[in-house]
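Visitor: If you scroll down you'll find the structure; I have some questions about it.
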Amino acid sequence: MKGLITNLNKAFENRIRLGIMSVLMVNDWVDFNALKETLDVTDGNLASHLNALEKIKYIEVRKSFIGKKPNTSYGASKEGKNAFKEHLNALEALINAKEKLK
């Protein structure tokens, strides 16, 4: 039973980062405003968490223009997808271990 939480990824401890990755796992690309509305967070809060995930290469950023307006979209990188899946597997293992304690 020891070491059950060692496989949890610290990058996903925050609810906003967990939310970002959850959205990006089921969508190829999501723009900033859609993420902001989905997660119900402020621009600055979302931007700081996106920057943190980008810094560790868990997400990719794509900048483009729609007409004359800039548009920034985000997608989960292969490394990010793998890390998130491992995190979910670790959570599942923790839940299953708790069931065994009953």
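Labeling convention for the structure tokens: chains A, B, ... as they appear, residues from 1 per chain, ligands from 1 in order of appearance.
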Which residues in chain A does DSSP call strand (DSSP E)? List them as a CSV table (one decimal) with C-alpha atoms, in the first residue's frame.

Guide:
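Output below, filename result.csv:
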```csv
chain,number,residue,atom,x,y,z
A,30,VAL,CA,-9.6,24.8,-27.9
A,31,ASP,CA,-9.3,28.6,-28.0
A,59,ILE,CA,0.3,21.7,-24.0
A,60,GLU,CA,1.0,23.2,-27.4
A,61,VAL,CA,0.0,26.7,-28.5
A,62,ARG,CA,-1.2,27.7,-31.9
A,63,LYS,CA,-1.6,31.4,-32.7
A,64,SER,CA,-3.6,32.5,-35.8
A,65,PHE,CA,-5.9,35.3,-37.0
A,66,ILE,CA,-9.6,35.1,-37.6
A,69,LYS,CA,-8.4,39.4,-34.7
A,70,PRO,CA,-5.7,37.3,-33.1
A,71,ASN,CA,-6.7,33.9,-31.9
A,72,THR,CA,-4.8,31.6,-29.6
A,73,SER,CA,-5.7,27.9,-29.4
A,74,TYR,CA,-4.3,25.1,-27.2
A,75,GLY,CA,-3.9,21.4,-27.6
A,76,ALA,CA,-2.5,18.7,-25.4
```

Visitor: Give me the residues within 9 Å of Ile56 in chain A as a ChimeraX atom specification, counting only C-alpha atoms and dropping any in the same chain fewer than 3 places off.

Guide: /A:11,51-53,59,80

Visitor: List the spatial neighbours of range 12-25 of chain A as a ChimeraX atom specification - criterion: any atom at most 10 Å away, only C-alpha atoms, same-chain residues fewer than 4 positions off excluded.

Guide: /A:8,29-30,34-36,38-41,45-46,48-50,52-53,58-59,74-77,80-81,83-85,87-88

Visitor: Keeping only C-alpha atoms, write the selected residues as an mmCIF file, in the first residue's frame.

Guide:
```cif
data_model
loop_
_atom_site.group_PDB
_atom_site.id
_atom_site.type_symbol
_atom_site.label_atom_id
_atom_site.label_comp_id
_atom_site.auth_asym_id
_atom_site.auth_seq_id
_atom_site.Cartn_x
_atom_site.Cartn_y
_atom_site.Cartn_z
ATOM 1 C CA LEU A 8 0.200 11.409 -8.919
ATOM 2 C CA TRP A 29 -7.734 22.378 -30.172
ATOM 3 C CA VAL A 30 -9.605 24.791 -27.921
ATOM 4 C CA ALA A 34 -13.743 28.705 -24.883
ATOM 5 C CA LEU A 35 -11.439 27.421 -22.119
ATOM 6 C CA LYS A 36 -12.150 30.514 -20.034
ATOM 7 C CA THR A 38 -15.841 26.318 -19.826
ATOM 8 C CA LEU A 39 -13.733 26.562 -16.671
ATOM 9 C CA ASP A 40 -15.303 29.832 -15.447
ATOM 10 C CA VAL A 41 -11.988 31.504 -14.623
ATOM 11 C CA ASN A 45 -5.770 32.963 -13.837
ATOM 12 C CA LEU A 46 -6.218 30.876 -16.974
ATOM 13 C CA SER A 48 -0.900 31.641 -15.717
ATOM 14 C CA HIS A 49 -1.972 27.992 -15.640
ATOM 15 C CA LEU A 50 -1.669 27.656 -19.418
ATOM 16 C CA ALA A 52 2.786 26.615 -16.524
ATOM 17 C CA LEU A 53 1.539 23.691 -18.636
ATOM 18 C CA TYR A 58 2.187 19.377 -21.659
ATOM 19 C CA ILE A 59 0.310 21.653 -24.045
ATOM 20 C CA TYR A 74 -4.335 25.129 -27.156
ATOM 21 C CA GLY A 75 -3.941 21.401 -27.593
ATOM 22 C CA ALA A 76 -2.549 18.655 -25.395
ATOM 23 C CA SER A 77 0.892 17.499 -26.511
ATOM 24 C CA GLY A 80 0.903 15.920 -21.875
ATOM 25 C CA LYS A 81 -1.597 13.268 -22.898
ATOM 26 C CA ALA A 83 1.289 12.355 -18.312
ATOM 27 C CA PHE A 84 -2.417 12.996 -17.808
ATOM 28 C CA LYS A 85 -3.318 9.365 -18.511
ATOM 29 C CA HIS A 87 -2.151 10.698 -13.453
ATOM 30 C CA LEU A 88 -5.663 9.327 -13.999
#
```

Visitor: CA of Lys78 in chain A and CA of Lys57 in chain A are how many Å apart?

Guide: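 CA of Lys57 in chain A lies 9.1 Å from CA of Lys78 in chain A.
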
Visitor: Between A:Phe32, A:Leu4, A:Asn9, A:Asp43, which is the closest to Ile95 in chain A once you count only C-alpha atoms?

Guide: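 Checking each of A:Phe32, A:Leu4, A:Asn9, A:Asp43 against Ile95 in chain A, counting only C-alpha atoms, the winner is A:Leu4.
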
Visitor: How far is it from CA of Ala93 in chain A to CA of Glu79 in chain A, in Å with one decimal?

Guide: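 Atom-to-atom, CA of Ala93 in chain A to CA of Glu79 in chain A, that is 21.0 Å.
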